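Engineer: I'd like to ask you about the structure that follows.
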Amino acid sequence: MEAVTISAIEAAADRIAGHVRRTPMANSASLSELCGAPVHLKLEHWQETGAFKLRGATNAVLSLSDEERARGVVAASTGNHGRALAHAAKKAGARCTVSMSKLVPQNKLDAIAALGAEIRIVGNSQDDAQIEVDRLAREDGMVPLPPFDHPDIIAGQGTIGLEIVKDLPDAETVLVPLSGGGLIAGVAAAIKAQAPGTRIVGISMARGAAMQASLAAGHPVEVKELPTLADSLGGGIGLDNRLTFQMVRDLVDEVVLLTEAEIAAGMRHAYFQEREILEGGAAVGIAALLAGKVEARGPIVALLSGRNVAMDLHARIMAGANGLEEAA
Ligand SMILES: *Cc1c(COP(=O)(O)O)cnc(C)c1O
């Protein structure tokens, strides 16, 4: 499949304007001081539904034909994509079913149900949830809109890259949370087309980093899915990956892996220094800077991707817990 182009991303920006928030960028005094280079935070966790995934879901739903919209949309999701798709489908008047594994936190499940989507809880992994999606597509004719490996989803997430270049044309380094790679593929495509010298760094948790393992192997591989503070970064990239593996391989300069304690420290820094509530998967850019795991070549942008964390878990991490086990 063809990589997503800057023109597709620009078309997505026109399509979703007025449906999603244009999020601001803020300088971080504390991180700039720490790194000895200007650090800016892209405040995408302020997006409606609490995560960037509304951009891709909205672009995909608005790109459906009338006939497809009438059949309804379906996805497997660790939470934020399901929530975004439910929101976008409701706005467009389309039926939406979300299939998810038992690992998904209750707060995320509740939020999706509140948006009027039908929920299916299936199995212990993203792969099990996906089998139900395939069945609904085959037997009920629903349109599958996956969380990352789809051109309209990638183009929608890429609109964040357009905003970063507009707000900070001389960015040297952009830190992007990385799971299935829809976010970083779109952002990298938008940025590299306009500023090819900008370094794009993907950041995942060490516990179950499927894209990193796939890049190392040279092809998509499966990794064991483990509970992590960065739950929105969990899940595989799909052995039949069509787009994001190839785009990440071609466009991303480096991938960094973090421990649970490093992610917890990132969440604490966001809260106590920046006054921002972040979920684990969204704090990885800040966490990588704090851990000294990325070269501090500035100006640096850390993309903060979501804030949908259970508040009791967040409180325990703020009190000093360094991971899920300690926080339990
Ligand atoms: C989905 C998600 C990511 C990762 O996005 P991918 O496109 O799967 O790489 C990062 N942060 C948050 C908050 C997410 O919901």
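Residues are referred to by chain and number: the chain letter is A, B, ... according to the order shown in the structure tokens, the number counts from 1 in that chain, and ligands are numbered separately from 1 in the order shown.
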Grab me every residue within 7 Å of ligand 1, counting only C-alpha atoms and all ligand atoms, and send it over as a count of residues only.
Structural biologist: 23
Engineer: Near Val61 of chain A, within 12 Å and counting only C-alpha atoms, which residues show up once chain neighbours fewer than 2 positions away are dropped, as a count of residues only?
Structural biologist: 41
Engineer: Please provide the set of residues having any atom within 10 Å of Leu290 of chain A, restricted to only C-alpha atoms, with same-chain residues fewer than 4 positions apart removed, written as number ranges by chain.
Structural biologist: A: 31, 34-35, 262-263, 265-266, 269, 284-286, 294
Engineer: Please run DSSP on the backbone and report, as number ranges by chain, all residues within segment 26-89 of chain A that come out as strand (DSSP E or B).
Structural biologist: A: 26-27, 39-43, 51, 73-76
Engineer: For the residues selected in the previous step, produce a file with N, CA and C atoms as a PDB file, in the first residue's frame.
Structural biologist:
```pdb
ATOM      1  N   ALA A  26       3.090  24.835  24.064  1.00  0.00           N
ATOM      2  CA  ALA A  26       3.525  25.659  25.188  1.00  0.00           C
ATOM      3  C   ALA A  26       4.988  25.391  25.489  1.00  0.00           C
ATOM      4  N   ASN A  27       5.723  26.454  25.787  1.00  0.00           N
ATOM      5  CA  ASN A  27       7.111  26.281  26.195  1.00  0.00           C
ATOM      6  C   ASN A  27       7.150  25.688  27.598  1.00  0.00           C
ATOM      7  N   VAL A  39      12.387  23.445  25.045  1.00  0.00           N
ATOM      8  CA  VAL A  39      11.465  22.304  24.943  1.00  0.00           C
ATOM      9  C   VAL A  39      10.038  22.842  24.901  1.00  0.00           C
ATOM     10  N   HIS A  40       9.289  22.404  23.908  1.00  0.00           N
ATOM     11  CA  HIS A  40       7.893  22.819  23.754  1.00  0.00           C
ATOM     12  C   HIS A  40       6.989  21.595  23.889  1.00  0.00           C
ATOM     13  N   LEU A  41       5.831  21.803  24.488  1.00  0.00           N
ATOM     14  CA  LEU A  41       4.873  20.712  24.672  1.00  0.00           C
ATOM     15  C   LEU A  41       3.696  20.940  23.737  1.00  0.00           C
ATOM     16  N   LYS A  42       3.403  19.964  22.888  1.00  0.00           N
ATOM     17  CA  LYS A  42       2.214  20.027  22.025  1.00  0.00           C
ATOM     18  C   LYS A  42       1.071  19.448  22.861  1.00  0.00           C
ATOM     19  N   LEU A  43       0.133  20.308  23.234  1.00  0.00           N
ATOM     20  CA  LEU A  43      -0.870  19.945  24.245  1.00  0.00           C
ATOM     21  C   LEU A  43      -2.072  19.224  23.631  1.00  0.00           C
ATOM     22  N   ALA A  51      -7.831  12.630  23.804  1.00  0.00           N
ATOM     23  CA  ALA A  51      -6.664  12.071  23.109  1.00  0.00           C
ATOM     24  C   ALA A  51      -6.718  12.438  21.625  1.00  0.00           C
ATOM     25  N   VAL A  73     -19.790   1.515  11.644  1.00  0.00           N
ATOM     26  CA  VAL A  73     -18.344   1.298  11.759  1.00  0.00           C
ATOM     27  C   VAL A  73     -18.031   0.432  12.971  1.00  0.00           C
ATOM     28  N   VAL A  74     -16.904  -0.282  12.904  1.00  0.00           N
ATOM     29  CA  VAL A  74     -16.516  -1.182  13.990  1.00  0.00           C
ATOM     30  C   VAL A  74     -14.998  -1.157  14.137  1.00  0.00           C
ATOM     31  N   ALA A  75     -14.532  -1.267  15.387  1.00  0.00           N
ATOM     32  CA  ALA A  75     -13.089  -1.285  15.638  1.00  0.00           C
ATOM     33  C   ALA A  75     -12.785  -2.053  16.901  1.00  0.00           C
ATOM     34  N   ALA A  76     -11.551  -2.550  16.984  1.00  0.00           N
ATOM     35  CA  ALA A  76     -10.996  -3.063  18.235  1.00  0.00           C
ATOM     36  C   ALA A  76     -10.185  -1.918  18.822  1.00  0.00           C
TER      37      ALA A  76
END
```
Engineer: Quick one: everything within 12 Å of Glu172 of chain A, counting only C-alpha atoms, minus sequence neighbours fewer than 5 positions away in the same chain. Send it as a PDB file with N, CA, C and O atoms, in the first residue's frame.
Structural biologist:
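And here's around-v2.pdb as it stands now:
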```
ATOM      1  N   ALA A  37      18.151  23.276  26.253  1.00  0.00           N
ATOM      2  CA  ALA A  37      17.636  23.574  24.908  1.00  0.00           C
ATOM      3  C   ALA A  37      16.140  23.839  25.055  1.00  0.00           C
ATOM      4  O   ALA A  37      15.511  23.285  25.966  1.00  0.00           O
ATOM      5  N   PRO A  38      15.575  24.682  24.165  1.00  0.00           N
ATOM      6  CA  PRO A  38      14.144  24.952  24.292  1.00  0.00           C
ATOM      7  C   PRO A  38      13.304  23.684  24.107  1.00  0.00           C
ATOM      8  O   PRO A  38      13.503  22.947  23.148  1.00  0.00           O
ATOM      9  N   VAL A  39      12.387  23.445  25.045  1.00  0.00           N
ATOM     10  CA  VAL A  39      11.465  22.304  24.943  1.00  0.00           C
ATOM     11  C   VAL A  39      10.038  22.842  24.901  1.00  0.00           C
ATOM     12  O   VAL A  39       9.651  23.663  25.743  1.00  0.00           O
ATOM     13  N   HIS A  40       9.289  22.404  23.908  1.00  0.00           N
ATOM     14  CA  HIS A  40       7.893  22.819  23.754  1.00  0.00           C
ATOM     15  C   HIS A  40       6.989  21.595  23.889  1.00  0.00           C
ATOM     16  O   HIS A  40       7.338  20.515  23.431  1.00  0.00           O
ATOM     17  N   ILE A 164       2.474  21.438  14.170  1.00  0.00           N
ATOM     18  CA  ILE A 164       3.808  21.584  14.784  1.00  0.00           C
ATOM     19  C   ILE A 164       4.718  22.414  13.873  1.00  0.00           C
ATOM     20  O   ILE A 164       5.392  23.335  14.332  1.00  0.00           O
ATOM     21  N   VAL A 165       4.715  22.113  12.580  1.00  0.00           N
ATOM     22  CA  VAL A 165       5.573  22.854  11.643  1.00  0.00           C
ATOM     23  C   VAL A 165       5.144  24.321  11.580  1.00  0.00           C
ATOM     24  O   VAL A 165       5.981  25.229  11.531  1.00  0.00           O
ATOM     25  N   ILE A 191       5.792  16.308   8.753  1.00  0.00           N
ATOM     26  CA  ILE A 191       6.961  17.120   9.105  1.00  0.00           C
ATOM     27  C   ILE A 191       8.098  16.922   8.099  1.00  0.00           C
ATOM     28  O   ILE A 191       8.687  17.884   7.605  1.00  0.00           O
ATOM     29  N   LYS A 192       8.399  15.682   7.750  1.00  0.00           N
ATOM     30  CA  LYS A 192       9.534  15.418   6.846  1.00  0.00           C
ATOM     31  C   LYS A 192       9.310  16.008   5.454  1.00  0.00           C
ATOM     32  O   LYS A 192      10.261  16.361   4.774  1.00  0.00           O
ATOM     33  N   ALA A 195      10.109  19.765   6.400  1.00  0.00           N
ATOM     34  CA  ALA A 195      11.360  20.015   7.116  1.00  0.00           C
ATOM     35  C   ALA A 195      12.101  18.687   7.255  1.00  0.00           C
ATOM     36  O   ALA A 195      12.114  18.069   8.311  1.00  0.00           O
ATOM     37  N   PRO A 196      12.739  18.244   6.145  1.00  0.00           N
ATOM     38  CA  PRO A 196      13.323  16.902   6.112  1.00  0.00           C
ATOM     39  C   PRO A 196      14.408  16.682   7.165  1.00  0.00           C
ATOM     40  O   PRO A 196      14.688  15.535   7.528  1.00  0.00           O
ATOM     41  N   GLY A 197      15.008  17.770   7.675  1.00  0.00           N
ATOM     42  CA  GLY A 197      16.090  17.619   8.647  1.00  0.00           C
ATOM     43  C   GLY A 197      15.603  17.396  10.070  1.00  0.00           C
ATOM     44  O   GLY A 197      16.399  17.072  10.954  1.00  0.00           O
ATOM     45  N   THR A 198      14.317  17.581  10.302  1.00  0.00           N
ATOM     46  CA  THR A 198      13.796  17.407  11.666  1.00  0.00           C
ATOM     47  C   THR A 198      13.882  15.937  12.068  1.00  0.00           C
ATOM     48  O   THR A 198      13.469  15.057  11.310  1.00  0.00           O
ATOM     49  N   ARG A 199      14.419  15.690  13.268  1.00  0.00           N
ATOM     50  CA  ARG A 199      14.571  14.317  13.750  1.00  0.00           C
ATOM     51  C   ARG A 199      13.283  13.872  14.428  1.00  0.00           C
ATOM     52  O   ARG A 199      12.759  14.569  15.292  1.00  0.00           O
ATOM     53  N   ILE A 200      12.754  12.715  14.022  1.00  0.00           N
ATOM     54  CA  ILE A 200      11.522  12.187  14.608  1.00  0.00           C
ATOM     55  C   ILE A 200      11.888  10.971  15.469  1.00  0.00           C
ATOM     56  O   ILE A 200      12.440   9.993  14.960  1.00  0.00           O
ATOM     57  N   VAL A 201      11.572  11.063  16.751  1.00  0.00           N
ATOM     58  CA  VAL A 201      11.929   9.993  17.687  1.00  0.00           C
ATOM     59  C   VAL A 201      10.655   9.358  18.239  1.00  0.00           C
ATOM     60  O   VAL A 201       9.793  10.056  18.786  1.00  0.00           O
ATOM     61  N   ASP A 253      13.521   8.334  12.819  1.00  0.00           N
ATOM     62  CA  ASP A 253      14.973   8.293  12.951  1.00  0.00           C
ATOM     63  C   ASP A 253      15.441   7.365  14.064  1.00  0.00           C
ATOM     64  O   ASP A 253      16.529   6.809  13.986  1.00  0.00           O
ATOM     65  N   GLU A 295      18.986  12.533  22.727  1.00  0.00           N
ATOM     66  CA  GLU A 295      19.936  13.626  22.579  1.00  0.00           C
ATOM     67  C   GLU A 295      19.147  14.940  22.563  1.00  0.00           C
ATOM     68  O   GLU A 295      18.209  15.086  21.777  1.00  0.00           O
ATOM     69  N   ALA A 296      19.538  15.871  23.443  1.00  0.00           N
ATOM     70  CA  ALA A 296      18.747  17.099  23.619  1.00  0.00           C
ATOM     71  C   ALA A 296      19.118  18.145  22.579  1.00  0.00           C
ATOM     72  O   ALA A 296      19.630  19.216  22.893  1.00  0.00           O
ATOM     73  N   ARG A 297      18.863  17.821  21.301  1.00  0.00           N
ATOM     74  CA  ARG A 297      19.117  18.771  20.228  1.00  0.00           C
ATOM     75  C   ARG A 297      17.851  19.599  20.012  1.00  0.00           C
ATOM     76  O   ARG A 297      16.824  19.070  19.596  1.00  0.00           O
ATOM     77  N   GLY A 298      17.888  20.900  20.349  1.00  0.00           N
ATOM     78  CA  GLY A 298      16.673  21.705  20.328  1.00  0.00           C
ATOM     79  C   GLY A 298      16.607  22.633  19.154  1.00  0.00           C
ATOM     80  O   GLY A 298      17.580  22.767  18.424  1.00  0.00           O
ATOM     81  N   PRO A 299      15.461  23.300  18.975  1.00  0.00           N
ATOM     82  CA  PRO A 299      14.234  23.153  19.766  1.00  0.00           C
ATOM     83  C   PRO A 299      13.630  21.743  19.687  1.00  0.00           C
ATOM     84  O   PRO A 299      13.633  21.129  18.637  1.00  0.00           O
ATOM     85  N   ILE A 300      13.119  21.309  20.837  1.00  0.00           N
ATOM     86  CA  ILE A 300      12.522  19.983  20.963  1.00  0.00           C
ATOM     87  C   ILE A 300      11.014  20.130  21.167  1.00  0.00           C
ATOM     88  O   ILE A 300      10.575  21.018  21.894  1.00  0.00           O
ATOM     89  N   VAL A 301      10.252  19.258  20.536  1.00  0.00           N
ATOM     90  CA  VAL A 301       8.807  19.199  20.790  1.00  0.00           C
ATOM     91  C   VAL A 301       8.483  17.838  21.395  1.00  0.00           C
ATOM     92  O   VAL A 301       8.876  16.806  20.847  1.00  0.00           O
ATOM     93  N   ALA A 302       7.791  17.836  22.526  1.00  0.00           N
ATOM     94  CA  ALA A 302       7.260  16.587  23.076  1.00  0.00           C
ATOM     95  C   ALA A 302       5.751  16.605  22.854  1.00  0.00           C
ATOM     96  O   ALA A 302       5.054  17.518  23.300  1.00  0.00           O
TER      97      ALA A 302
END
```
Engineer: Skipping near chain neighbours, those fewer than 4 positions away, what residues fall within 10 Å of Asp110 of chain A using only C-alpha atoms, listed as a list in words?
Structural biologist: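 My list of contacting residues is Gly79, Arg83, Pro105, Gln106, Ala114, Leu115 and Ile119 of chain A.
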Engineer: Please list as number ranges by chain every residue within 7 Å of segment 210-222 of chain A, counting only C-alpha atoms and excluding residues in the same chain fewer than 4 positions away.
Structural biologist: A: 179-180, 236-239, 241, 249, 255
Engineer: Would you export the selected residues with all heavy atoms as a compact mmCIF listing (two decimals), in the first residue's frame, please?
Structural biologist:
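Output file part_17.txt follows:
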```
# COMPACT_ATOMS: atom_id res chain seq x y z
N SER A 179 3.06 3.32 19.39
CA SER A 179 2.50 1.98 19.61
C SER A 179 2.33 1.31 18.25
O SER A 179 3.27 0.77 17.68
CB SER A 179 1.19 2.08 20.38
OG SER A 179 0.61 0.80 20.52
N GLY A 180 1.12 1.38 17.68
CA GLY A 180 0.92 0.82 16.34
C GLY A 180 1.53 1.68 15.25
O GLY A 180 1.73 1.22 14.13
N GLY A 236 -0.22 -5.25 19.57
CA GLY A 236 0.70 -5.54 18.47
C GLY A 236 0.50 -4.59 17.30
O GLY A 236 -0.36 -3.72 17.33
N ILE A 237 1.32 -4.75 16.25
CA ILE A 237 1.17 -3.92 15.04
C ILE A 237 0.46 -4.69 13.93
O ILE A 237 0.18 -4.12 12.88
CB ILE A 237 2.52 -3.37 14.54
CG1 ILE A 237 3.40 -4.48 13.95
CG2 ILE A 237 3.25 -2.62 15.65
CD1 ILE A 237 4.54 -3.92 13.09
N GLY A 238 0.14 -5.97 14.18
CA GLY A 238 -0.53 -6.80 13.17
C GLY A 238 0.50 -7.45 12.26
O GLY A 238 1.33 -6.76 11.66
N LEU A 239 0.45 -8.79 12.17
CA LEU A 239 1.42 -9.49 11.32
C LEU A 239 1.19 -9.16 9.84
O LEU A 239 2.10 -9.26 9.03
CB LEU A 239 1.31 -11.01 11.54
CG LEU A 239 1.82 -11.50 12.90
CD1 LEU A 239 1.63 -13.00 13.03
CD2 LEU A 239 3.28 -11.12 13.10
N ASN A 241 0.47 -6.16 8.77
CA ASN A 241 0.55 -4.70 8.73
C ASN A 241 0.77 -4.20 7.30
O ASN A 241 1.65 -4.68 6.59
CB ASN A 241 1.70 -4.23 9.63
CG ASN A 241 1.73 -2.72 9.82
OD1 ASN A 241 2.04 -1.98 8.90
ND2 ASN A 241 1.39 -2.29 11.01
N ARG A 249 9.49 2.59 9.52
CA ARG A 249 10.84 2.19 9.11
C ARG A 249 11.50 3.27 8.24
O ARG A 249 12.66 3.61 8.41
CB ARG A 249 10.75 0.87 8.32
CG ARG A 249 12.09 0.27 7.92
CD ARG A 249 11.90 -0.83 6.89
NE ARG A 249 11.21 -0.32 5.71
CZ ARG A 249 10.52 -1.06 4.84
NH1 ARG A 249 10.41 -2.36 5.02
NH2 ARG A 249 9.93 -0.52 3.80
N VAL A 255 14.05 4.94 17.81
CA VAL A 255 13.02 4.53 18.77
C VAL A 255 13.68 4.32 20.13
O VAL A 255 14.74 3.70 20.23
CB VAL A 255 12.30 3.23 18.33
CG1 VAL A 255 11.31 2.77 19.40
CG2 VAL A 255 11.57 3.45 17.00
```
Engineer: With only C-alpha atoms as the basis for distance, which of A:Gly116, A:Pro24, A:Gly323, A:Gly18 is at the shortest distance from Leu168 of chain A?
Structural biologist: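 Closest candidate: A:Pro24.
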Engineer: If you measure from atom CA of Ala328 of chain A to atom CA of Ala113 of chain A, what distance in Å do you get, rounded to one decimal?
Structural biologist: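 So the answer is 25.2 Å.
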Engineer: Could you check which of A:Ala60, A:Ala315, A:Val223, A:Val252 is closest to Met267 of chain A, using only C-alpha atoms?
Structural biologist: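 Of A:Ala60, A:Ala315, A:Val223, A:Val252, the one nearest Met267 of chain A, counting only C-alpha atoms, is A:Ala315.
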Engineer: Would you please work out which residue, of A:Asp149, A:Asp231, A:Asp170, A:Asp14, is nearest to Ala185 of chain A when using only C-alpha atoms?
Structural biologist: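 Of A:Asp149, A:Asp231, A:Asp170, A:Asp14, the one nearest Ala185 of chain A, counting only C-alpha atoms, is A:Asp149.
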